[in-house]
file coords.cif (mmCIF, C-alpha atoms and all ligand atoms)
data_model
#
loop_
_atom_site.label_atom_id
_atom_site.label_comp_id
_atom_site.auth_asym_id
_atom_site.auth_seq_id
_atom_site.Cartn_x
_atom_site.Cartn_y
_atom_site.Cartn_z
CA MET M 1 -55.82 108.70 21.69
CA TRP M 2 -57.41 110.49 18.77
CA PHE M 3 -59.97 107.87 17.90
CA LYS M 4 -61.06 107.14 21.44
CA LYS M 5 -61.50 110.82 22.14
CA ASP M 6 -64.10 111.07 19.38
CA GLN M 7 -65.96 108.17 20.84
CA LYS M 8 -66.00 109.67 24.27
CA GLU M 9 -67.12 113.07 23.11
CA THR M 10 -70.38 111.97 21.58
CA ASP M 11 -71.28 108.39 22.55
CA GLU M 12 -73.42 108.54 19.44
CA LEU M 13 -71.30 108.08 16.39
CA THR M 14 -68.58 105.46 16.18
CA TYR M 15 -66.66 105.46 12.96
CA PHE M 16 -66.51 102.06 11.21
CA SER M 17 -69.14 100.48 13.46
CA LYS M 18 -71.94 98.44 11.91
CA SER M 19 -74.51 101.15 12.51
CA TRP M 20 -72.17 103.71 10.95
CA MET M 21 -71.89 101.54 7.83
CA GLU M 22 -75.66 101.17 7.60
CA GLU M 23 -76.04 104.92 7.87
CA TRP M 24 -73.39 105.48 5.21
CA LYS M 25 -75.12 103.16 2.73
CA LYS M 26 -78.39 104.99 3.24
CA SER M 27 -76.64 108.30 2.81
CA ILE M 28 -74.99 107.25 -0.49
CA ASN M 29 -78.29 106.10 -1.91
CA THR M 30 -80.06 109.31 -1.03
CA SER M 31 -77.30 111.63 -2.25
CA ASP M 32 -78.09 113.44 -5.49
CA ASN M 33 -74.48 114.57 -5.65
CA TYR M 34 -73.15 111.01 -5.58
CA LYS M 35 -75.80 109.83 -8.01
CA LYS M 36 -74.52 112.42 -10.48
CA LYS M 37 -70.76 112.17 -9.87
CA GLY M 38 -70.68 108.40 -9.43
CA LYS M 39 -72.81 107.59 -12.45
CA SER M 40 -69.94 106.02 -14.41
CA TRP M 41 -68.44 104.03 -11.52
CA ASN M 42 -69.37 100.39 -11.63
CA ALA M 43 -66.93 98.42 -9.49
CA PRO M 44 -66.47 97.28 -5.93
CA ILE M 45 -63.83 98.92 -3.78
CA VAL M 46 -62.16 97.97 -0.51
CA LEU M 47 -61.13 100.69 1.92
CA LYS M 48 -58.62 98.81 3.99
CA ILE M 49 -58.03 99.99 7.55
CA GLU M 50 -54.62 99.11 8.91
CA PRO M 51 -54.03 98.78 11.80
CA LYS M 52 -57.55 97.59 12.40
CA ALA M 53 -59.87 100.15 13.98
CA GLU M 54 -60.88 99.43 17.58
CA SER M 55 -64.56 99.71 16.67
CA ILE M 56 -64.33 96.76 14.26
CA LYS M 57 -65.04 93.70 16.36
CA GLU M 58 -65.29 91.10 13.57
CA GLU M 59 -62.14 89.03 13.45
CA ASP M 60 -61.89 88.53 9.73
CA ALA M 61 -62.74 92.14 8.81
CA THR M 62 -59.97 94.05 7.03
CA GLY M 63 -61.82 97.27 6.26
CA ILE M 64 -64.93 98.42 4.41
CA PHE M 65 -66.27 96.85 1.24
CA LEU M 66 -68.45 98.96 -1.05
CA ASN M 67 -70.11 97.62 -4.14
CA LEU M 68 -70.83 100.65 -6.26
CA SER M 69 -72.89 100.60 -9.39
CA TYR M 70 -73.69 103.67 -11.49
CA GLY M 71 -74.34 106.12 -8.68
CA GLU M 72 -75.77 103.55 -6.30
CA CYS M 73 -74.37 101.47 -3.47
CA LEU M 74 -75.54 97.89 -3.72
CA GLU M 75 -73.64 96.62 -0.72
CA LEU M 76 -71.66 98.13 2.14
CA ARG M 77 -70.13 95.83 4.77
CA TYR M 78 -66.85 94.78 6.32
CA SER M 79 -64.34 93.48 3.80
CA THR M 80 -62.49 90.20 4.19
CA GLU M 81 -59.33 88.80 2.66
CA LYS M 82 -61.48 87.01 0.13
CA ASP M 83 -62.88 90.36 -1.08
CA GLU M 84 -59.35 91.63 -1.47
CA GLN M 85 -58.57 88.79 -3.86
CA THR M 86 -61.57 89.44 -6.07
CA CYS M 87 -61.76 93.23 -5.87
CA ASN M 88 -59.67 95.25 -8.33
CA LEU M 89 -59.43 98.41 -6.30
CA ILE M 90 -58.01 98.53 -2.78
CA LEU M 91 -57.04 101.70 -0.92
CA LYS M 92 -55.25 101.34 2.39
CA ALA M 93 -54.75 103.80 5.28
CA ASP M 94 -54.92 103.91 9.06
CA SER M 95 -58.19 104.82 10.75
CA LYS M 96 -57.04 108.35 11.60
CA THR M 97 -56.32 109.09 7.93
CA TRP M 98 -59.68 107.66 6.84
CA ILE M 99 -61.57 109.69 9.42
CA ASN M 100 -59.69 112.79 8.37
CA LEU M 101 -60.58 112.24 4.71
CA ILE M 102 -64.18 111.51 5.54
CA GLU M 103 -64.59 114.51 7.81
CA LYS M 104 -63.02 116.87 5.31
CA GLY M 105 -64.67 115.25 2.28
CA LYS M 106 -61.29 115.34 0.56
CA ASP M 107 -60.26 113.80 -2.72
CA PRO M 108 -58.50 110.51 -1.79
CA THR M 109 -56.39 110.49 -4.95
CA MET M 110 -54.52 113.51 -3.60
CA SER M 111 -53.78 111.52 -0.46
CA ILE M 112 -52.38 108.72 -2.62
CA LEU M 113 -50.04 111.23 -4.23
CA LYS M 114 -49.06 112.50 -0.80
CA ASN M 115 -48.55 108.92 0.32
CA SER M 116 -50.91 108.98 3.29
CA VAL M 117 -53.22 106.56 1.47
CA LYS M 118 -51.72 103.57 -0.36
CA LEU M 119 -53.14 102.24 -3.59
CA GLU M 120 -52.71 98.57 -2.77
CA LYS M 121 -54.44 97.35 -5.88
CA GLY M 122 -55.73 99.15 -8.96
CA SER M 123 -54.63 101.87 -11.31
CA LEU M 124 -54.07 105.45 -10.29
CA ILE M 125 -54.97 106.61 -13.79
CA MET M 126 -58.31 104.85 -13.61
CA LEU M 127 -58.92 106.23 -10.15
CA SER M 128 -58.06 109.75 -11.23
CA THR M 129 -60.82 109.61 -13.84
CA GLN M 130 -63.16 108.96 -10.91
CA ARG M 131 -61.81 111.65 -8.60
CA LYS M 132 -65.08 113.51 -8.35
CA ALA M 133 -66.95 110.28 -7.66
CA ALA M 134 -64.49 109.27 -4.93
CA GLU M 135 -64.72 112.68 -3.32
CA ALA M 136 -68.52 112.68 -3.48
CA LEU M 137 -68.57 109.16 -2.04
CA LEU M 138 -66.51 110.15 1.02
CA LYS M 139 -68.65 113.24 1.50
CA THR M 140 -71.69 111.04 2.02
CA ALA M 141 -70.09 109.20 4.97
CA PRO M 142 -71.66 110.16 8.32
CA THR M 143 -69.36 112.35 10.40
CA GLN M 144 -69.09 113.74 13.86
CA GLN M 145 -69.81 117.18 12.44
CA ASP M 146 -73.11 116.05 10.88
CA ARG M 147 -73.99 114.79 14.32
CA HIS M 148 -73.31 118.19 15.83
CA VAL M 149 -75.47 119.85 13.20
CA THR M 150 -78.24 117.32 13.79
CA SER M 151 -78.07 117.79 17.53
CA ALA M 152 -78.18 121.55 17.06
CA VAL M 153 -81.32 121.14 14.98
CA THR M 154 -82.82 118.78 17.51
CA LYS M 155 -81.98 121.20 20.26
CA GLN M 156 -83.87 123.91 18.41
CA ASP M 157 -86.86 121.63 18.11
CA GLN M 158 -86.94 121.03 21.82
CA PRO M 159 -89.16 123.28 23.96
CA LYS M 160 -87.28 126.49 24.66
CA LYS M 161 -85.63 126.67 28.06
CA GLU M 162 -86.11 130.00 29.77
CA PRO M 163 -82.75 131.73 30.34
CA SER M 164 -81.76 132.00 33.98
CA HIS M 165 -78.70 132.71 36.15
CA THR M 166 -77.57 130.49 38.98
CA SER M 167 -75.04 132.95 40.44
CA PHE M 168 -72.94 135.99 39.55
CA LYS M 169 -69.20 136.44 39.32
CA THR M 170 -69.17 139.82 41.03
CA THR M 171 -71.10 138.53 44.05
CA THR M 172 -69.14 135.27 44.42
CA HIS M 173 -65.48 135.48 43.37
CA GLY M 174 -65.33 139.05 42.12
CA LEU M 175 -64.12 140.03 38.66
CA ASN M 176 -60.67 138.74 37.80
CA PHE M 177 -58.79 141.96 37.19
CA GLU M 178 -55.62 139.99 36.50
CA SER M 179 -57.23 138.23 33.54
CA PHE M 180 -56.06 139.19 30.07
CA PRO M 181 -59.45 140.48 28.89
CA MET M 182 -59.73 142.80 31.92
CA LYS M 183 -56.23 144.13 31.24
CA LEU M 184 -57.23 144.80 27.64
CA PHE M 185 -60.34 146.55 28.91
CA GLN M 186 -58.22 148.87 31.08
CA LYS M 187 -56.17 149.76 27.99
CA ALA M 188 -59.30 150.25 25.89
CA LYS M 189 -60.60 152.79 28.41
CA ILE M 190 -57.40 154.80 28.06
CA TYR M 191 -56.48 154.45 24.38
CA GLY M 192 -59.82 153.68 22.78
CA ILE M 193 -61.74 156.80 23.73
CA TRP M 194 -60.75 158.98 20.77
CA ASN M 195 -63.55 160.64 18.87
CA PRO M 196 -63.53 160.34 15.06
CA ALA M 197 -65.64 163.48 14.80
CA ASP M 198 -62.92 165.48 16.61
CA ILE M 199 -60.21 164.81 14.03
CA GLY M 200 -59.55 167.97 12.02
CA LEU M 201 -59.95 167.48 8.29
CA SER M 202 -59.49 170.96 6.80
CA ALA M 203 -55.85 170.33 5.74
CA ASP M 204 -56.94 167.07 4.11
CA GLN M 205 -59.73 168.87 2.24
CA ASP M 206 -57.22 171.36 0.82
CA GLU M 207 -54.73 168.68 -0.17
CA TRP M 208 -57.43 166.58 -1.79
CA LYS M 209 -58.06 169.29 -4.37
CA GLU M 210 -54.42 169.11 -5.48
CA PHE M 211 -54.25 165.35 -6.10
CA SER M 212 -54.18 163.90 -9.60
CA ALA M 213 -56.98 161.57 -10.75
CA ASP M 214 -54.72 158.53 -10.26
CA GLU M 215 -53.77 159.58 -6.74
CA ARG M 216 -57.40 160.09 -5.81
CA LYS M 217 -58.26 156.73 -7.30
CA ILE M 218 -55.85 154.72 -5.14
CA LEU M 219 -56.85 156.63 -2.00
CA ILE M 220 -60.53 156.04 -2.66
CA HIS M 221 -59.82 152.46 -3.64
CA LEU M 222 -58.05 151.59 -0.38
CA SER M 223 -60.57 153.56 1.68
CA ALA M 224 -63.46 151.72 -0.01
CA LEU M 225 -61.92 148.42 1.08
CA PHE M 226 -61.28 149.55 4.65
CA MET M 227 -64.64 151.25 4.93
CA ALA M 228 -66.69 148.17 4.05
CA GLY M 229 -64.27 146.04 6.06
CA GLU M 230 -64.92 148.09 9.20
CA GLU M 231 -68.65 148.01 8.61
CA ALA M 232 -68.55 144.24 8.09
CA VAL M 233 -66.66 143.60 11.33
CA THR M 234 -69.09 145.88 13.18
CA LEU M 235 -72.09 144.05 11.74
CA ASP M 236 -70.67 140.57 12.23
CA LEU M 237 -69.20 140.64 15.75
CA LEU M 238 -72.41 140.29 17.75
CA PRO M 239 -72.91 136.51 17.44
CA LEU M 240 -69.49 135.97 19.02
CA ILE M 241 -70.27 138.34 21.89
CA GLN M 242 -73.56 136.53 22.36
CA ILE M 243 -71.79 133.17 22.81
CA ILE M 244 -69.25 134.60 25.24
CA ALA M 245 -72.10 136.07 27.28
CA GLN M 246 -74.05 132.81 27.19
CA GLU M 247 -70.99 131.00 28.54
CA GLY M 248 -70.90 133.46 31.42
CA ARG M 249 -67.42 134.79 30.59
CA ILE M 250 -68.07 138.19 32.06
CA GLU M 251 -64.48 139.53 31.86
CA GLU M 252 -64.33 138.71 28.16
CA GLU M 253 -67.71 140.25 27.54
CA ILE M 254 -66.70 143.41 29.39
CA TYR M 255 -63.72 143.76 27.06
CA LEU M 256 -65.87 143.00 24.01
CA THR M 257 -68.15 145.93 24.76
CA SER M 258 -65.19 148.18 23.95
CA PHE M 259 -64.24 146.06 20.95
CA LEU M 260 -67.60 146.56 19.26
CA TRP M 261 -67.72 150.24 20.20
CA GLU M 262 -64.31 150.73 18.60
CA GLU M 263 -65.32 148.96 15.38
CA ALA M 264 -68.35 151.23 15.25
CA LYS M 265 -66.06 154.25 15.56
CA HIS M 266 -63.79 152.95 12.80
CA THR M 267 -66.82 152.66 10.56
CA GLU M 268 -67.82 156.18 11.55
CA PHE M 269 -64.34 157.55 10.88
CA PHE M 270 -64.14 156.29 7.31
CA SER M 271 -67.67 157.39 6.57
CA ILE M 272 -66.97 160.92 7.83
CA TYR M 273 -63.80 160.97 5.74
CA ALA M 274 -65.50 159.76 2.58
CA GLN M 275 -68.23 162.36 2.89
CA GLN M 276 -66.17 165.33 4.02
CA VAL M 277 -62.93 164.84 2.10
CA MET M 278 -63.46 162.42 -0.76
CA SER M 279 -66.90 163.63 -1.86
CA GLY M 280 -68.00 159.99 -1.68
CA PRO M 281 -69.23 157.40 -1.28
CA LYS M 282 -70.65 157.40 -4.79
CA ASP M 283 -69.30 154.42 -6.77
CA PHE M 284 -67.03 153.27 -3.92
CA GLU M 285 -68.42 149.76 -4.20
CA SER M 286 -67.07 149.40 -7.71
CA PHE M 287 -63.72 148.74 -6.00
CA HIS M 288 -65.08 145.62 -4.35
CA LYS M 289 -63.88 142.91 -6.71
CA PRO M 290 -64.56 139.12 -6.60
CA MET M 291 -61.70 138.12 -4.26
CA TYR M 292 -62.58 140.87 -1.82
CA LYS M 293 -66.22 139.86 -1.95
CA ILE M 294 -65.44 136.21 -1.18
CA LEU M 295 -63.96 137.19 2.16
CA PHE M 296 -65.93 140.25 3.23
CA TYR M 297 -69.31 139.57 1.68
CA GLU M 298 -69.37 135.81 2.28
CA LYS M 299 -66.79 134.02 4.42
CA LEU M 300 -66.65 136.55 7.26
CA PRO M 301 -70.41 136.89 7.84
CA ARG M 302 -70.90 133.14 7.39
CA ALA M 303 -68.23 132.24 9.93
CA LEU M 304 -69.63 134.65 12.52
CA HIS M 305 -73.34 134.15 11.99
CA ALA M 306 -72.88 130.37 12.04
CA LEU M 307 -72.46 130.88 15.80
CA ARG M 308 -76.16 131.60 16.12
CA ASP M 309 -76.89 127.91 15.50
CA ASP M 310 -73.62 126.33 16.50
CA SER M 311 -71.74 127.38 19.61
CA SER M 312 -69.17 124.55 19.41
CA ALA M 313 -65.47 125.23 19.97
CA LEU M 314 -64.83 124.50 16.31
CA ALA M 315 -67.37 127.08 15.17
CA GLN M 316 -65.85 129.65 17.53
CA LEU M 317 -62.36 128.85 16.25
CA LYS M 318 -63.51 129.32 12.66
CA ALA M 319 -65.04 132.67 13.56
CA ALA M 320 -61.93 133.91 15.37
CA ALA M 321 -59.61 132.61 12.64
CA THR M 322 -61.55 134.46 9.95
CA TYR M 323 -62.23 137.63 11.92
CA ASN M 324 -59.18 138.15 14.12
CA MET M 325 -56.41 136.25 12.40
CA ILE M 326 -57.12 137.06 8.77
CA VAL M 327 -59.40 140.07 8.39
CA GLU M 328 -57.86 142.04 11.25
CA GLY M 329 -54.50 140.40 11.90
CA THR M 330 -53.35 139.94 8.33
CA LEU M 331 -55.29 142.13 5.91
CA ALA M 332 -56.31 145.20 7.90
CA GLU M 333 -53.01 145.34 9.72
CA THR M 334 -51.10 145.24 6.44
CA GLY M 335 -53.36 147.78 4.77
CA TYR M 336 -53.14 150.24 7.63
CA ALA M 337 -49.38 149.87 7.89
CA ALA M 338 -48.93 150.51 4.16
CA PHE M 339 -51.38 153.40 4.23
CA SER M 340 -49.85 155.10 7.21
CA ASN M 341 -46.26 154.63 5.89
CA MET M 342 -47.31 156.15 2.61
CA LEU M 343 -48.96 159.15 4.28
CA LYS M 344 -46.09 159.65 6.71
CA ASP M 345 -43.35 159.31 4.09
CA ASN M 346 -45.04 161.77 1.76
CA ASN M 347 -46.23 164.05 4.52
CA LEU M 348 -49.82 163.82 3.35
CA LEU M 349 -53.36 163.94 4.70
CA PRO M 350 -52.72 164.53 8.42
CA GLY M 351 -56.35 163.86 9.37
CA LEU M 352 -56.42 160.50 7.66
CA LEU M 353 -53.07 159.59 9.17
CA GLU M 354 -54.26 160.52 12.67
CA GLY M 355 -57.40 158.40 12.28
CA ILE M 356 -55.45 155.42 11.00
CA GLU M 357 -52.87 155.64 13.78
CA LYS M 358 -55.66 155.56 16.39
CA LEU M 359 -57.39 152.77 14.60
CA LYS M 360 -54.21 150.69 14.43
CA GLN M 361 -53.88 150.96 18.20
CA ASP M 362 -57.43 149.69 18.71
CA GLU M 363 -56.85 146.89 16.24
CA SER M 364 -53.80 145.64 18.12
CA ARG M 365 -56.05 145.02 21.15
CA HIS M 366 -58.64 143.29 18.98
CA ILE M 367 -56.04 140.96 17.51
CA ALA M 368 -54.58 140.27 20.96
CA PHE M 369 -58.04 139.27 22.16
CA GLY M 370 -58.52 137.04 19.11
CA ILE M 371 -55.27 135.20 19.84
CA TYR M 372 -56.23 134.84 23.50
CA LEU M 373 -59.63 133.41 22.48
CA ILE M 374 -58.14 130.95 19.97
CA ASN M 375 -55.59 129.75 22.52
CA ARG M 376 -58.27 129.31 25.18
CA LEU M 377 -60.32 127.21 22.75
CA LEU M 378 -57.28 125.22 21.62
CA ASP M 379 -56.17 124.51 25.19
CA ASP M 380 -59.55 122.90 25.85
CA ASN M 381 -59.75 121.21 22.43
CA PRO M 382 -56.23 120.40 21.20
CA SER M 383 -57.59 117.97 18.61
CA LEU M 384 -59.03 120.92 16.66
CA GLY M 385 -55.57 122.36 15.93
CA GLU M 386 -55.14 120.55 12.65
CA GLU M 387 -58.47 121.74 11.30
CA LEU M 388 -57.68 125.28 12.37
CA GLU M 389 -54.35 125.17 10.54
CA ASP M 390 -56.05 123.97 7.36
CA LEU M 391 -58.60 126.76 7.59
CA LEU M 392 -55.95 129.40 8.21
CA GLU M 393 -53.99 128.20 5.22
CA GLU M 394 -57.08 128.55 3.04
CA LEU M 395 -57.85 132.01 4.44
CA LEU M 396 -54.29 133.22 3.96
CA TYR M 397 -54.67 132.25 0.32
CA ASP M 398 -57.86 134.38 0.16
CA ALA M 399 -56.03 137.29 1.76
CA THR M 400 -53.10 137.19 -0.66
CA ASN M 401 -55.53 136.91 -3.56
CA ILE M 402 -57.10 140.18 -2.44
CA ILE M 403 -53.70 141.88 -2.52
CA HIS M 404 -53.03 140.57 -6.05
CA GLU M 405 -56.49 141.77 -7.04
CA ILE M 406 -55.86 145.31 -5.75
CA PHE M 407 -52.59 145.71 -7.62
CA SER M 408 -53.80 144.07 -10.83
CA GLN M 409 -55.82 147.23 -11.42
CA TYR M 410 -52.75 149.48 -11.78
CA ASP M 411 -49.76 149.63 -14.09
CA THR M 412 -47.92 151.95 -11.74
CA VAL M 413 -49.29 152.56 -8.29
CA PRO M 414 -49.19 156.19 -7.13
CA PHE M 415 -47.31 157.18 -3.95
CA GLY M 416 -44.76 154.39 -4.52
CA LEU M 417 -46.95 151.59 -3.13
CA GLU M 418 -45.59 148.15 -4.01
CA LYS M 419 -47.35 144.82 -4.23
CA GLU M 420 -44.33 142.90 -2.95
CA TRP M 421 -44.21 145.04 0.17
CA PHE M 422 -47.90 144.35 0.84
CA LEU M 423 -47.54 140.62 0.24
CA ASN M 424 -44.41 140.25 2.35
CA HIS M 425 -45.90 142.30 5.16
CA ALA M 426 -49.15 140.30 5.09
CA ILE M 427 -47.31 136.98 5.25
CA LYS M 428 -45.03 138.26 8.00
CA GLN M 429 -48.03 139.45 10.03
CA PHE M 430 -49.69 136.09 9.54
CA GLN M 431 -46.57 134.22 10.63
CA ASN M 432 -46.23 136.42 13.72
CA ARG M 433 -49.81 135.64 14.74
CA MET M 434 -49.37 131.93 14.01
CA ALA M 435 -46.31 131.82 16.24
CA LYS M 436 -48.50 133.02 19.12
CA LEU M 437 -51.04 130.23 18.73
CA ASN M 438 -50.73 127.12 20.89
CA LEU M 439 -50.73 124.81 17.93
FE FE B 501 -61.64 148.11 13.03
FE FE B 502 -60.92 145.36 14.82
#
call {"tool": "encode", "arguments": {"input": "coords.cif", "output": "structure tokens"}}
result
Amino acid sequence: MWFKKDQKETDELTYFSKSWMEEWKKSINTSDNYKKKGKSWNAPIVLKIEPKAESIKEEDATGIFLNLSYGECLELRYSTEKDEQTCNLILKADSKTWINLIEKGKDPTMSILKNSVKLEKGSLIMLSTQRKAAEALLKTAPTQQDRHVTSAVTKQDQPKKEPSHTSFKTTTHGLNFESFPMKLFQKAKIYGIWNPADIGLSADQDEWKEFSADERKILIHLSALFMAGEEAVTLDLLPLIQIIAQEGRIEEEIYLTSFLWEEAKHTEFFSIYAQQVMSGPKDFESFHKPMYKILFYEKLPRALHALRDDSSALAQLKAAATYNMIVEGTLAETGYAAFSNMLKDNNLLPGLLEGIEKLKQDESRHIAFGIYLINRLLDDNPSLGEELEDLLEELLYDATNIIHEIFSQYDTVPFGLEKEWFLNHAIKQFQNRMAKLNL
């Protein structure tokens, strides 16, 4: 059962226990955010838990009672039926819904609209004026995740354990050549050994001179997005490889050596192309607009580098969802498909087309590994599926925003590129990947 599983996993934090309530009260009263957002809330509230949570042992307890006064919590304890009679605001949900809201720090008024939380007493209009306060209040509640962060910090504070091996795969069982990562590695050694520096670019250089300013602009624009994208995935992959190595997953690490090498070559390819054909990369970064920056400058590096302090399954899932499912599996895949169709259909830039075709092949192995990794993590942690779906939904939104952002800069896009095609293809790619996840 969902709730019990949480208890078993940590033995430290039990939602709705007395110690949890004490901790929550302390957390409200030390939160600057709640102090600010809850400054106009002066009323008690009952968060009713029905059916009663297993951790609540008191017979007459119906949920949690909070007496809130201008950004402060005066009292936090179990509620009783008597409180329900005197209190003017009662929200009711089952323990799973409450935990979900608390862990995600979500706005509970939305849940009332979606019917997962019931407004048993009180006015929705009044509550909606306090949305920010309610959200800030739930964010202060202690969660399992905080506990993980705290334990990670504590772990860091502990004296460092010297790394050591207890045995080796090759000298005990032997490498598992039937495993998916080893099969990918065999393919990488055949298809991934192309050399970007060997691709002939003289025809491209001649054609480039003939293009109009608009045609050059869209080619540079798309290349500037791919170029930084390839560099970002090269820079950000290492923390994931590090975790896989720490966990002793030698077959996966063997495959990942080719993965990183290939990303490095993709970065090299675009850089050669920019310098030898496009006379760049001067001003290329001006094509990196806010939506693009959110994903490639912020979310991607944050998701991957978070692994340096947090090796949990959830952190790994977030990294793979951002890197493999969205950046590679949805955006890059769509961009390369559109780019190569455009070049093929118009019989243009054979060097660029050759590079992109090779790159697409490498990427299909990367995405396949990402899906394998996500499924391995989900098989061991099925309870994380819901969180992964929420994250993917958010990231898909980021990805489609980038496509809108690209096309908003053109009245007519040269070479017959169409926004609808990009959007449909991106969503289709995303759906194909989702169908392969064990959700
Ligand atoms: Fe790549
Ligand atoms: Fe890749």
call {"tool": "atom_distance", "arguments": {"input": "coords.cif", "atom1": "CA of Asp107 (chain M)", "atom2": "CA of Asn401 (chain M)"}}
result
23.6 Å
call {"tool": "atom_distance", "arguments": {"input": "coords.cif", "atom1": "CA of Thr330 (chain M)", "atom2": "CA of Ile427 (chain M)"}}
result
7.4 Å
call {"tool": "residues_near_ligand", "arguments": {"input": "coords.cif", "ligand": "ligand FE 502 (chain B)", "cutoff": "6 Å", "atoms": "only C-alpha atoms and all ligand atoms", "output": "list in words"}}
result
Glu263, Glu328, Glu363 and His366 of chain M
call {"tool": "residues_near_ligand", "arguments": {"input": "coords.cif", "ligand": "ligand FE 501 (chain B)", "cutoff": "7 Å", "atoms": "all atoms listed in the file", "output": "list in words"}}
result
Glu230, Val233, Glu262, Glu263, His266, Leu359 and Glu363 of chain M
call {"tool": "write_last_selection", "arguments": {"input": "coords.cif", "atoms": "C-alpha atoms", "output": "short mmCIF file (atom, residue, chain, number, x, y, z; two decimals), in the frame of the given file"}}
result
data_model
loop_
_atom_site.label_atom_id
_atom_site.label_comp_id
_atom_site.auth_asym_id
_atom_site.auth_seq_id
_atom_site.Cartn_x
_atom_site.Cartn_y
_atom_site.Cartn_z
CA GLU M 230 -64.92 148.09 9.20
CA VAL M 233 -66.66 143.60 11.33
CA GLU M 262 -64.31 150.73 18.60
CA GLU M 263 -65.32 148.96 15.38
CA HIS M 266 -63.79 152.95 12.80
CA LEU M 359 -57.39 152.77 14.60
CA GLU M 363 -56.85 146.89 16.24
#
call {"tool": "residues_around", "arguments": {"input": "coords.cif", "residues": "Glu23 (chain M)", "least_positions_apart": "5", "cutoff": "10 Å", "atoms": "all atoms listed in the file", "output": "list in words"}}
result
Ser17, Lys18, Ile28, Leu76, Thr140, Ala141 and Pro142 of chain M
call {"tool": "closest_residue", "arguments": {"input": "coords.cif", "among": "M:Arg249, M:Lys360, M:Lys92, M:Lys265", "to": "Gly329 (chain M)", "atoms": "all atoms listed in the file"}}
result
M:Lys360
call {"tool": "residues_near_point", "arguments": {"input": "coords.cif", "point": "(-50.9, 155.1, 18.2)", "cutoff": "12 Å", "atoms": "all atoms listed in the file", "output": "PyMOL selection string"}}
result
chain M and resi 190-192+194+336-337+340+353-365
call {"tool": "residues_around", "arguments": {"input": "coords.cif", "residues": "Lys183 (chain M)", "least_positions_apart": "4", "cutoff": "12 Å", "atoms": "only C-alpha atoms", "output": "list in words"}}
result
Leu175, Asn176, Phe177, Glu178, Ser179, Lys187, Ala188, Lys189, Ile190, Glu251, Glu252, Ile254, Tyr255, Arg365, Ala368 and Phe369 of chain M
call {"tool": "residues_near_point", "arguments": {"input": "coords.cif", "point": "(-63.7, 149.4, -4.1)", "cutoff": "6 Å", "atoms": "only C-alpha atoms", "output": "short mmCIF file (atom, residue, chain, number, x, y, z; two decimals) with C-alpha atoms, in the frame of the given file"}}
result
data_model
loop_
_atom_site.label_atom_id
_atom_site.label_comp_id
_atom_site.auth_asym_id
_atom_site.auth_seq_id
_atom_site.Cartn_x
_atom_site.Cartn_y
_atom_site.Cartn_z
CA HIS M 221 -59.82 152.46 -3.64
CA ALA M 224 -63.46 151.72 -0.01
CA LEU M 225 -61.92 148.42 1.08
CA PHE M 284 -67.03 153.27 -3.92
CA GLU M 285 -68.42 149.76 -4.20
CA SER M 286 -67.07 149.40 -7.71
CA PHE M 287 -63.72 148.74 -6.00
CA HIS M 288 -65.08 145.62 -4.35
#
call {"tool": "closest_residue", "arguments": {"input": "coords.cif", "among": "M:Ile99, M:Leu201, M:Met182, M:Leu439", "to": "Ile250 (chain M)", "atoms": "only C-alpha atoms"}}
result
M:Met182
call {"tool": "atom_distance", "arguments": {"input": "coords.cif", "atom1": "CA of Leu184 (chain M)", "atom2": "CA of Met227 (chain M)"}}
result
24.7 Å
call {"tool": "closest_residue", "arguments": {"input": "coords.cif", "among": "M:Ile374, M:Lys96, M:Ser40, M:Asp83", "to": "Asp60 (chain M)", "atoms": "all atoms listed in the file"}}
result
M:Asp83
call {"tool": "closest_residue", "arguments": {"input": "coords.cif", "among": "M:Ile102, M:Tyr297, M:Ala93, M:Lys37", "to": "Tyr70 (chain M)", "atoms": "all atoms listed in the file"}}
result
M:Lys37
call {"tool": "axis_aligned_box", "arguments": {"input": "coords.cif", "around": "region 386-398 of chain M", "padding_each_side": "4 Å", "output": "JSON"}}
result
{"center_x": -56.3, "center_y": 127.5, "center_z": 6.4, "size_x": 12.6, "size_y": 21.8, "size_z": 20.5}
